[in-house]
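Okay, structure first, notes after.
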Amino acid sequence: MSRAVSRPVRRLPLALLAGAALVAPFALSPPAPVSAAGPYTVTALKVTVRAGDRSCTLDTDVYRPSGVDAAHPAPAVLTTNGFGGSKADGSTDGPAKALAARGYVTLAYSGLGFGKSGCPISLDDPGIDGRAASGLVDLLAGIRTADNGTRLDYVSQDGPGDPRVGMIGASYGGAVQLATAAVDHRVDALVPLITWHDLSYSLAPNAADPPQGRGGGLPGAYKWQWTNGFFLIGEAQGLLHPGLDPSRTGGAGCLHFVARACETKHLLDSGRYPAERARAVLSYARSVSPVSYLASVRAPTLLVQGQADTLFNLNEAAATYRALRGRGTPAGMIWQAWGHSGGMRKPADGELDLARGNLDTSYVGRRILAWFDRYLHHRAAATGPAFAYYRDWAGDGPAYGTAPAFPAGAGRRLYLSGDGRLVGRRGEVVRGDREYRNLRMPTSHSESSLAGLLGVPDVPPYDARGTFLDWTSKPVSGGPLEVVGAPALTLRVVAPMAARQSSPDAADRLVLFAKLYDVAPDGGTTLLHRLVAPARVADVRRTFTMELPGIVHRFGPGHRLRLVIAASDDAYTGNRGVMPVTVSAAPKDTGVLELPVTRGALP
């Protein structure tokens, strides 16, 4: 059936917040107008597809622009929801309406296990979720009909059975794009927003084994607050949608998740990671992640990641970007302001707002339109710089800095001195030993991960005395210091109890947490976007390097940098036993903090 285009904007799913990228002058030619722009109709269709070993019925809406028919076809865009949402959420139907108004045939659907679509939640598995979306590409190609017999014959074709189709979506609706493109090379363009590269890193990050495509490392510190929040959202689908399709029944003791996803959650909850079992179970999280299948993705991809995101940090997009570009796949990357963290808020004027679909008036939106203009309309449209990043200090100037390549910053080093200073030369390092110890309870706080989503205030970050070490630089002078990228920390610790540990259980290894603060002239401290870097140290007898979460930050004149190493963090599970830890310093043998600097000099 068809219905009018006017519909109220629905709420965003809990997994996704409608955030921001302040409008900046688009330095390139704006996207060409689409000739079919204008009103559109929306038709709800049920489409049953094969997904892995099951048949799953997808609940879809097809947006057909006025004037588009078999004689006047148009390119298509496929979009789906974030975790916990449906085709009716503002983050899904907002872009669908905006693109349909510009003349694109848009197909919005509820992902498997959400809304009124069938089958259990399978974490954007390319063999399941990707194959299901590929069935919708068949629908757009006109070689498959909807369950009521409807056939679409008005989508532009690149060849028989090959529709010209792009994809857009955020978070859970972002990873499914890469999963689909890996199994279906008919997809022509992707725009994944705020999504993951490696779920094993997202849910149990180990900064000493960052998401660069390597496998088989130690599991990190379990991000239990984020994980439990999303698990509960998934399991609550039966309460939110009474009378669910029975095909959505899960396995391994879960109501609505596939068995292997359920087993992964059980392992992380257990707090015990025997080597072989942990490797086998966590390999599932990697297998359903882009890290495992990017070699098969050929579609040009514009990655949009959020700076305010402790769930899927900037490093994940950077890892996907490097992997795609390394294989010759066209890719661009934008680091926008908003991500999963910080909760629901009204977007400021000029920000990209998925629910409003303000693609024409926001920097990120115009970049998206240019991407589709180039790869779906095959116009000679400039798609913008390879890398762009939001600058909250820009004021009246352009909100985005740009670079022709990534990374943009040059590595500059500070050294950890034995007297608690960060110094610019090895010769300034003072010899000394400093010790902290962990307790059996968390003694540091970075964030309450779900506070913003639940609309409750969070307390400022803190560390209990004796359970952390810090190093502080001199004040920045001679102009601001701008850092764009992921800082790296090379460190060696002395932890005798961990060194003597012979247990095959990875949970018995030392865990520590690194984080970077901005210290204002008045002494006020800011933990940058509340980001922390957990590391589970494989061998404390060796020097190790941690990749901290990516940042875009200006340290103003008079401000100081502070590095903190903490024993715990209450948003994560940490050490299982009490372990004293010593950090030693000497001019020729000390820790090193490397910062990607785009402007200014280190203090």
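Ligands are numbered from 1 in the order shown, residues from 1 within each chain, and chains are lettered A, B, ... in the order they appear in the structure tokens.
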Write down as a PyMOL selection string the residues belonging to segment 214-332 of chain A that are assigned alpha helix (DSSP H) by DSSP computed on the backbone. chain A and resi 224-235+237-240+259-270+275-287+314-326
List the neighbours of segment 511-515 of chain A out to 6 Å using only C-alpha atoms; skip same-chain residues closer than 3 positions along the sequence, and give me the result as a ChimeraX atom specification. /A:532-536,563-567,574-575
Nearest candidate to Val49 of chain A (options A:Asp89, A:Asp147, A:Asp61, A:Asp158; using only C-alpha atoms):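 Of all the options, A:Asp147 lies closest to Val49 of chain A.
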Can you pull out every residue within 12 Å of Ala96 of chain A, counting only C-alpha atoms, but drop anything in the same chain fewer than 2 positions away, and send it as an mmCIF file with N, CA, C and O atoms, in the first residue's frame?
```cif
data_model
loop_
_atom_site.group_PDB
_atom_site.id
_atom_site.type_symbol
_atom_site.label_atom_id
_atom_site.label_comp_id
_atom_site.auth_asym_id
_atom_site.auth_seq_id
_atom_site.Cartn_x
_atom_site.Cartn_y
_atom_site.Cartn_z
ATOM 1 N N VAL A 5 3.633 11.214 2.191
ATOM 2 C CA VAL A 5 5.015 11.351 2.636
ATOM 3 C C VAL A 5 5.134 12.003 4.002
ATOM 4 O O VAL A 5 6.169 11.885 4.646
ATOM 5 N N VAL A 9 8.638 12.818 12.813
ATOM 6 C CA VAL A 9 9.980 12.277 13.045
ATOM 7 C C VAL A 9 9.943 11.413 14.287
ATOM 8 O O VAL A 9 9.536 11.849 15.364
ATOM 9 N N TYR A 40 7.385 12.441 -3.122
ATOM 10 C CA TYR A 40 7.613 11.010 -3.282
ATOM 11 C C TYR A 40 6.490 10.267 -2.574
ATOM 12 O O TYR A 40 5.760 10.823 -1.752
ATOM 13 N N THR A 41 6.352 9.012 -2.909
ATOM 14 C CA THR A 41 5.407 8.137 -2.211
ATOM 15 C C THR A 41 6.194 7.107 -1.428
ATOM 16 O O THR A 41 7.349 6.804 -1.743
ATOM 17 N N VAL A 42 5.578 6.572 -0.391
ATOM 18 C CA VAL A 42 6.220 5.555 0.449
ATOM 19 C C VAL A 42 5.326 4.321 0.456
ATOM 20 O O VAL A 42 4.137 4.398 0.763
ATOM 21 N N THR A 60 10.096 -3.396 5.176
ATOM 22 C CA THR A 60 10.738 -2.329 4.415
ATOM 23 C C THR A 60 9.752 -1.221 4.053
ATOM 24 O O THR A 60 8.543 -1.433 4.017
ATOM 25 N N ASP A 61 10.324 -0.053 3.777
ATOM 26 C CA ASP A 61 9.600 1.054 3.153
ATOM 27 C C ASP A 61 10.359 1.453 1.898
ATOM 28 O O ASP A 61 11.580 1.669 1.952
ATOM 29 N N VAL A 62 9.660 1.563 0.784
ATOM 30 C CA VAL A 62 10.267 2.008 -0.463
ATOM 31 C C VAL A 62 9.801 3.431 -0.760
ATOM 32 O O VAL A 62 8.596 3.684 -0.880
ATOM 33 N N TYR A 63 10.758 4.346 -0.855
ATOM 34 C CA TYR A 63 10.482 5.752 -1.160
ATOM 35 C C TYR A 63 10.728 5.951 -2.657
ATOM 36 O O TYR A 63 11.849 5.804 -3.137
ATOM 37 N N ARG A 64 9.646 6.282 -3.380
ATOM 38 C CA ARG A 64 9.726 6.444 -4.830
ATOM 39 C C ARG A 64 9.497 7.909 -5.200
ATOM 40 O O ARG A 64 8.402 8.440 -4.988
ATOM 41 N N PRO A 65 10.522 8.585 -5.718
ATOM 42 C CA PRO A 65 10.352 9.998 -6.078
ATOM 43 C C PRO A 65 9.337 10.173 -7.202
ATOM 44 O O PRO A 65 9.178 9.316 -8.076
ATOM 45 N N ALA A 76 19.459 4.138 -6.513
ATOM 46 C CA ALA A 76 18.816 3.787 -5.244
ATOM 47 C C ALA A 76 19.807 3.884 -4.092
ATOM 48 O O ALA A 76 21.019 3.770 -4.279
ATOM 49 N N VAL A 77 19.255 4.076 -2.896
ATOM 50 C CA VAL A 77 20.038 4.048 -1.662
ATOM 51 C C VAL A 77 19.315 3.154 -0.664
ATOM 52 O O VAL A 77 18.099 3.277 -0.465
ATOM 53 N N LEU A 78 20.063 2.265 -0.045
ATOM 54 C CA LEU A 78 19.546 1.318 0.936
ATOM 55 C C LEU A 78 19.990 1.791 2.317
ATOM 56 O O LEU A 78 21.147 2.171 2.510
ATOM 57 N N THR A 79 19.077 1.803 3.302
ATOM 58 C CA THR A 79 19.432 2.262 4.644
ATOM 59 C C THR A 79 18.697 1.452 5.694
ATOM 60 O O THR A 79 17.571 0.970 5.455
ATOM 61 N N THR A 80 19.330 1.297 6.849
ATOM 62 C CA THR A 80 18.708 0.563 7.948
ATOM 63 C C THR A 80 19.106 1.184 9.276
ATOM 64 O O THR A 80 19.880 2.130 9.342
ATOM 65 N N ASN A 81 18.581 0.637 10.358
ATOM 66 C CA ASN A 81 18.611 1.268 11.669
ATOM 67 C C ASN A 81 19.867 0.961 12.472
ATOM 68 O O ASN A 81 20.584 0.001 12.225
ATOM 69 N N LYS A 87 13.021 0.700 10.943
ATOM 70 C CA LYS A 87 12.930 1.544 9.744
ATOM 71 C C LYS A 87 12.239 2.870 10.023
ATOM 72 O O LYS A 87 12.388 3.825 9.264
ATOM 73 N N ALA A 88 11.479 2.963 11.123
ATOM 74 C CA ALA A 88 10.699 4.164 11.422
ATOM 75 C C ALA A 88 11.456 5.175 12.260
ATOM 76 O O ALA A 88 10.938 6.265 12.514
ATOM 77 N N ASP A 89 12.663 4.841 12.709
ATOM 78 C CA ASP A 89 13.421 5.793 13.514
ATOM 79 C C ASP A 89 13.884 6.971 12.676
ATOM 80 O O ASP A 89 14.159 6.837 11.476
ATOM 81 N N GLY A 90 14.041 8.111 13.339
ATOM 82 C CA GLY A 90 14.499 9.295 12.638
ATOM 83 C C GLY A 90 15.850 9.115 11.988
ATOM 84 O O GLY A 90 16.113 9.669 10.917
ATOM 85 N N SER A 91 16.724 8.322 12.595
ATOM 86 C CA SER A 91 18.051 8.113 12.022
ATOM 87 C C SER A 91 17.997 7.293 10.747
ATOM 88 O O SER A 91 18.971 7.253 9.982
ATOM 89 N N THR A 92 16.867 6.619 10.499
ATOM 90 C CA THR A 92 16.701 5.823 9.281
ATOM 91 C C THR A 92 15.787 6.520 8.282
ATOM 92 O O THR A 92 16.154 6.716 7.119
ATOM 93 N N ASP A 93 14.596 6.923 8.729
ATOM 94 C CA ASP A 93 13.691 7.538 7.756
ATOM 95 C C ASP A 93 14.029 9.003 7.482
ATOM 96 O O ASP A 93 13.608 9.553 6.466
ATOM 97 N N GLY A 94 14.818 9.645 8.357
ATOM 98 C CA GLY A 94 15.250 11.012 8.076
ATOM 99 C C GLY A 94 16.094 11.084 6.812
ATOM 100 O O GLY A 94 15.761 11.812 5.864
ATOM 101 N N ALA A 98 15.100 12.581 2.980
ATOM 102 C CA ALA A 98 15.936 13.617 2.368
ATOM 103 C C ALA A 98 16.470 13.158 1.016
ATOM 104 O O ALA A 98 16.504 13.929 0.048
ATOM 105 N N LEU A 99 16.879 11.897 0.918
ATOM 106 C CA LEU A 99 17.412 11.391 -0.346
ATOM 107 C C LEU A 99 16.307 11.197 -1.377
ATOM 108 O O LEU A 99 16.515 11.456 -2.569
ATOM 109 N N ALA A 100 15.120 10.750 -0.925
ATOM 110 C CA ALA A 100 14.002 10.607 -1.864
ATOM 111 C C ALA A 100 13.599 11.964 -2.426
ATOM 112 O O ALA A 100 13.254 12.087 -3.613
ATOM 113 N N ALA A 101 13.660 12.996 -1.597
ATOM 114 C CA ALA A 101 13.326 14.343 -2.069
ATOM 115 C C ALA A 101 14.329 14.840 -3.097
ATOM 116 O O ALA A 101 14.018 15.729 -3.891
ATOM 117 N N ARG A 102 15.518 14.260 -3.102
ATOM 118 C CA ARG A 102 16.536 14.616 -4.088
ATOM 119 C C ARG A 102 16.513 13.679 -5.295
ATOM 120 O O ARG A 102 17.392 13.742 -6.144
ATOM 121 N N GLY A 103 15.536 12.798 -5.355
ATOM 122 C CA GLY A 103 15.366 11.969 -6.534
ATOM 123 C C GLY A 103 15.912 10.565 -6.448
ATOM 124 O O GLY A 103 15.874 9.822 -7.430
ATOM 125 N N TYR A 104 16.432 10.165 -5.299
ATOM 126 C CA TYR A 104 16.924 8.796 -5.151
ATOM 127 C C TYR A 104 15.787 7.866 -4.735
ATOM 128 O O TYR A 104 15.012 8.191 -3.816
ATOM 129 N N VAL A 105 15.689 6.707 -5.357
ATOM 130 C CA VAL A 105 14.820 5.654 -4.836
ATOM 131 C C VAL A 105 15.478 5.169 -3.547
ATOM 132 O O VAL A 105 16.649 4.791 -3.550
ATOM 133 N N THR A 106 14.756 5.217 -2.447
ATOM 134 C CA THR A 106 15.358 4.850 -1.160
ATOM 135 C C THR A 106 14.579 3.708 -0.538
ATOM 136 O O THR A 106 13.343 3.742 -0.488
ATOM 137 N N LEU A 107 15.310 2.707 -0.081
ATOM 138 C CA LEU A 107 14.684 1.562 0.575
ATOM 139 C C LEU A 107 15.189 1.531 2.012
ATOM 140 O O LEU A 107 16.371 1.304 2.259
ATOM 141 N N ALA A 108 14.288 1.799 2.961
ATOM 142 C CA ALA A 108 14.604 1.738 4.388
ATOM 143 C C ALA A 108 14.031 0.441 4.950
ATOM 144 O O ALA A 108 12.884 0.091 4.651
ATOM 145 N N TYR A 109 14.825 -0.257 5.750
ATOM 146 C CA TYR A 109 14.318 -1.510 6.300
ATOM 147 C C TYR A 109 14.760 -1.684 7.742
ATOM 148 O O TYR A 109 15.759 -1.113 8.187
ATOM 149 N N GLY A 166 23.587 2.659 -3.534
ATOM 150 C CA GLY A 166 24.474 2.996 -2.438
ATOM 151 C C GLY A 166 23.824 2.630 -1.122
ATOM 152 O O GLY A 166 22.670 2.204 -1.076
ATOM 153 N N MET A 167 24.580 2.796 -0.041
ATOM 154 C CA MET A 167 24.045 2.520 1.295
ATOM 155 C C MET A 167 24.473 3.621 2.251
ATOM 156 O O MET A 167 25.559 4.198 2.105
ATOM 157 N N ILE A 168 23.618 3.897 3.227
ATOM 158 C CA ILE A 168 23.932 4.859 4.278
ATOM 159 C C ILE A 168 23.282 4.379 5.566
ATOM 160 O O ILE A 168 22.220 3.745 5.545
ATOM 161 N N GLY A 169 23.911 4.670 6.696
ATOM 162 C CA GLY A 169 23.363 4.285 7.992
ATOM 163 C C GLY A 169 24.419 4.455 9.059
ATOM 164 O O GLY A 169 25.602 4.586 8.768
ATOM 165 N N LEU A 354 20.529 13.542 11.537
ATOM 166 C CA LEU A 354 19.982 12.473 10.708
ATOM 167 C C LEU A 354 18.466 12.483 10.693
ATOM 168 O O LEU A 354 17.846 12.190 9.671
ATOM 169 N N ALA A 355 17.859 12.818 11.823
ATOM 170 C CA ALA A 355 16.394 12.826 11.874
ATOM 171 C C ALA A 355 15.812 13.915 10.978
ATOM 172 O O ALA A 355 14.772 13.721 10.350
ATOM 173 N N ARG A 356 16.470 15.074 10.919
ATOM 174 C CA ARG A 356 16.003 16.156 10.058
ATOM 175 C C ARG A 356 16.430 15.951 8.616
ATOM 176 O O ARG A 356 15.853 16.545 7.700
ATOM 177 N N GLY A 357 17.460 15.175 8.411
ATOM 178 C CA GLY A 357 17.927 14.933 7.051
ATOM 179 C C GLY A 357 18.472 16.180 6.388
ATOM 180 O O GLY A 357 18.293 16.372 5.185
ATOM 181 N N ASN A 358 19.185 17.019 7.157
ATOM 182 C CA ASN A 358 19.675 18.287 6.608
ATOM 183 C C ASN A 358 20.993 18.094 5.842
ATOM 184 O O ASN A 358 22.016 18.682 6.163
ATOM 185 N N LEU A 359 20.924 17.289 4.810
ATOM 186 C CA LEU A 359 22.125 16.973 4.048
ATOM 187 C C LEU A 359 22.649 18.177 3.281
ATOM 188 O O LEU A 359 23.863 18.347 3.131
#
```
Skipping near chain neighbours, those fewer than 2 positions away, what residues fall within 9 Å of Tyr572 of chain A using only C-alpha atoms, listed as a compact mmCIF listing (two decimals) with all heavy atoms, in the first residue's frame?
```txt
# COMPACT_ATOMS: atom_id res chain seq x y z
N ALA A 204 36.03 -5.37 24.23
CA ALA A 204 37.08 -5.69 25.19
C ALA A 204 38.40 -5.14 24.67
O ALA A 204 39.29 -5.88 24.27
CB ALA A 204 37.17 -7.21 25.41
N ALA A 221 40.22 -5.18 28.32
CA ALA A 221 39.37 -4.96 29.48
C ALA A 221 37.92 -4.86 29.00
O ALA A 221 37.59 -4.06 28.14
CB ALA A 221 39.78 -3.67 30.19
N TYR A 222 37.08 -5.68 29.56
CA TYR A 222 35.68 -5.80 29.15
C TYR A 222 34.95 -4.49 29.39
O TYR A 222 34.88 -3.98 30.51
CB TYR A 222 35.05 -6.93 29.95
CG TYR A 222 33.57 -7.17 29.75
CD1 TYR A 222 32.93 -6.91 28.55
CD2 TYR A 222 32.81 -7.71 30.80
CE1 TYR A 222 31.58 -7.17 28.38
CE2 TYR A 222 31.46 -7.98 30.65
CZ TYR A 222 30.85 -7.69 29.44
OH TYR A 222 29.51 -7.95 29.29
N LYS A 223 34.36 -3.94 28.33
CA LYS A 223 33.59 -2.69 28.39
C LYS A 223 32.17 -3.06 28.80
O LYS A 223 31.23 -3.04 28.02
CB LYS A 223 33.63 -2.03 27.01
CG LYS A 223 33.35 -0.55 26.99
CD LYS A 223 33.40 -0.02 25.57
CE LYS A 223 34.79 0.06 24.99
NZ LYS A 223 34.80 0.63 23.62
N TRP A 224 32.00 -3.36 30.09
CA TRP A 224 30.78 -4.04 30.53
C TRP A 224 29.56 -3.12 30.50
O TRP A 224 28.44 -3.59 30.28
CB TRP A 224 30.98 -4.62 31.92
CG TRP A 224 31.12 -3.63 33.03
CD1 TRP A 224 32.27 -3.05 33.48
CD2 TRP A 224 30.07 -3.10 33.83
NE1 TRP A 224 32.02 -2.19 34.51
CE2 TRP A 224 30.68 -2.20 34.76
CE3 TRP A 224 28.69 -3.28 33.89
CZ2 TRP A 224 29.93 -1.49 35.70
CZ3 TRP A 224 27.95 -2.57 34.82
CH2 TRP A 224 28.57 -1.70 35.71
N GLN A 225 29.74 -1.83 30.72
CA GLN A 225 28.56 -0.96 30.75
C GLN A 225 27.93 -0.85 29.37
O GLN A 225 26.72 -1.03 29.21
CB GLN A 225 28.95 0.42 31.28
CG GLN A 225 29.29 0.44 32.75
CD GLN A 225 29.53 1.85 33.27
OE1 GLN A 225 29.30 2.84 32.58
NE2 GLN A 225 30.00 1.95 34.50
N PRO A 442 36.94 -0.96 41.77
CA PRO A 442 37.36 0.15 40.91
C PRO A 442 37.62 1.41 41.72
O PRO A 442 36.86 1.75 42.63
CB PRO A 442 36.17 0.35 39.96
CG PRO A 442 35.41 -0.94 40.02
CD PRO A 442 35.61 -1.45 41.41
N PRO A 534 42.49 1.04 27.78
CA PRO A 534 42.87 -0.11 28.61
C PRO A 534 43.93 -0.96 27.90
O PRO A 534 43.93 -1.08 26.67
CB PRO A 534 41.57 -0.90 28.74
CG PRO A 534 40.51 -0.10 28.04
CD PRO A 534 41.20 0.83 27.12
N SER A 568 42.57 1.10 37.44
CA SER A 568 41.22 0.57 37.18
C SER A 568 40.38 1.64 36.51
O SER A 568 40.79 2.79 36.36
CB SER A 568 40.56 0.13 38.50
OG SER A 568 40.36 1.26 39.35
N ASP A 569 39.18 1.25 36.12
CA ASP A 569 38.17 2.17 35.61
C ASP A 569 36.83 1.48 35.77
O ASP A 569 36.67 0.32 35.35
CB ASP A 569 38.42 2.52 34.14
CG ASP A 569 37.52 3.65 33.67
OD1 ASP A 569 36.32 3.40 33.46
OD2 ASP A 569 38.00 4.78 33.52
N ASP A 570 35.85 2.17 36.36
CA ASP A 570 34.61 1.47 36.70
C ASP A 570 33.69 1.21 35.50
O ASP A 570 32.66 0.56 35.66
CB ASP A 570 33.85 2.19 37.81
CG ASP A 570 33.50 3.64 37.49
OD1 ASP A 570 33.71 4.06 36.34
OD2 ASP A 570 33.02 4.35 38.39
N GLY A 574 38.72 -5.01 35.27
CA GLY A 574 40.16 -4.83 35.26
C GLY A 574 40.91 -5.98 35.89
O GLY A 574 40.66 -7.15 35.58
```
Between A:His340, A:His378, A:Arg322, A:Arg426, which residue has the minimum interatomic distance to Val165 of chain A, considering only C-alpha atoms? A:His378
Provide the atom CA of Gly365 of chain A to atom CA of Arg379 of chain A distance in Å, to one decimal place. 17.7 Å
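Atom pair atom CA of Asp209 of chain A / atom CA of Arg425 of chain A has a distance of 27.6 Å (rounded to one decimal).
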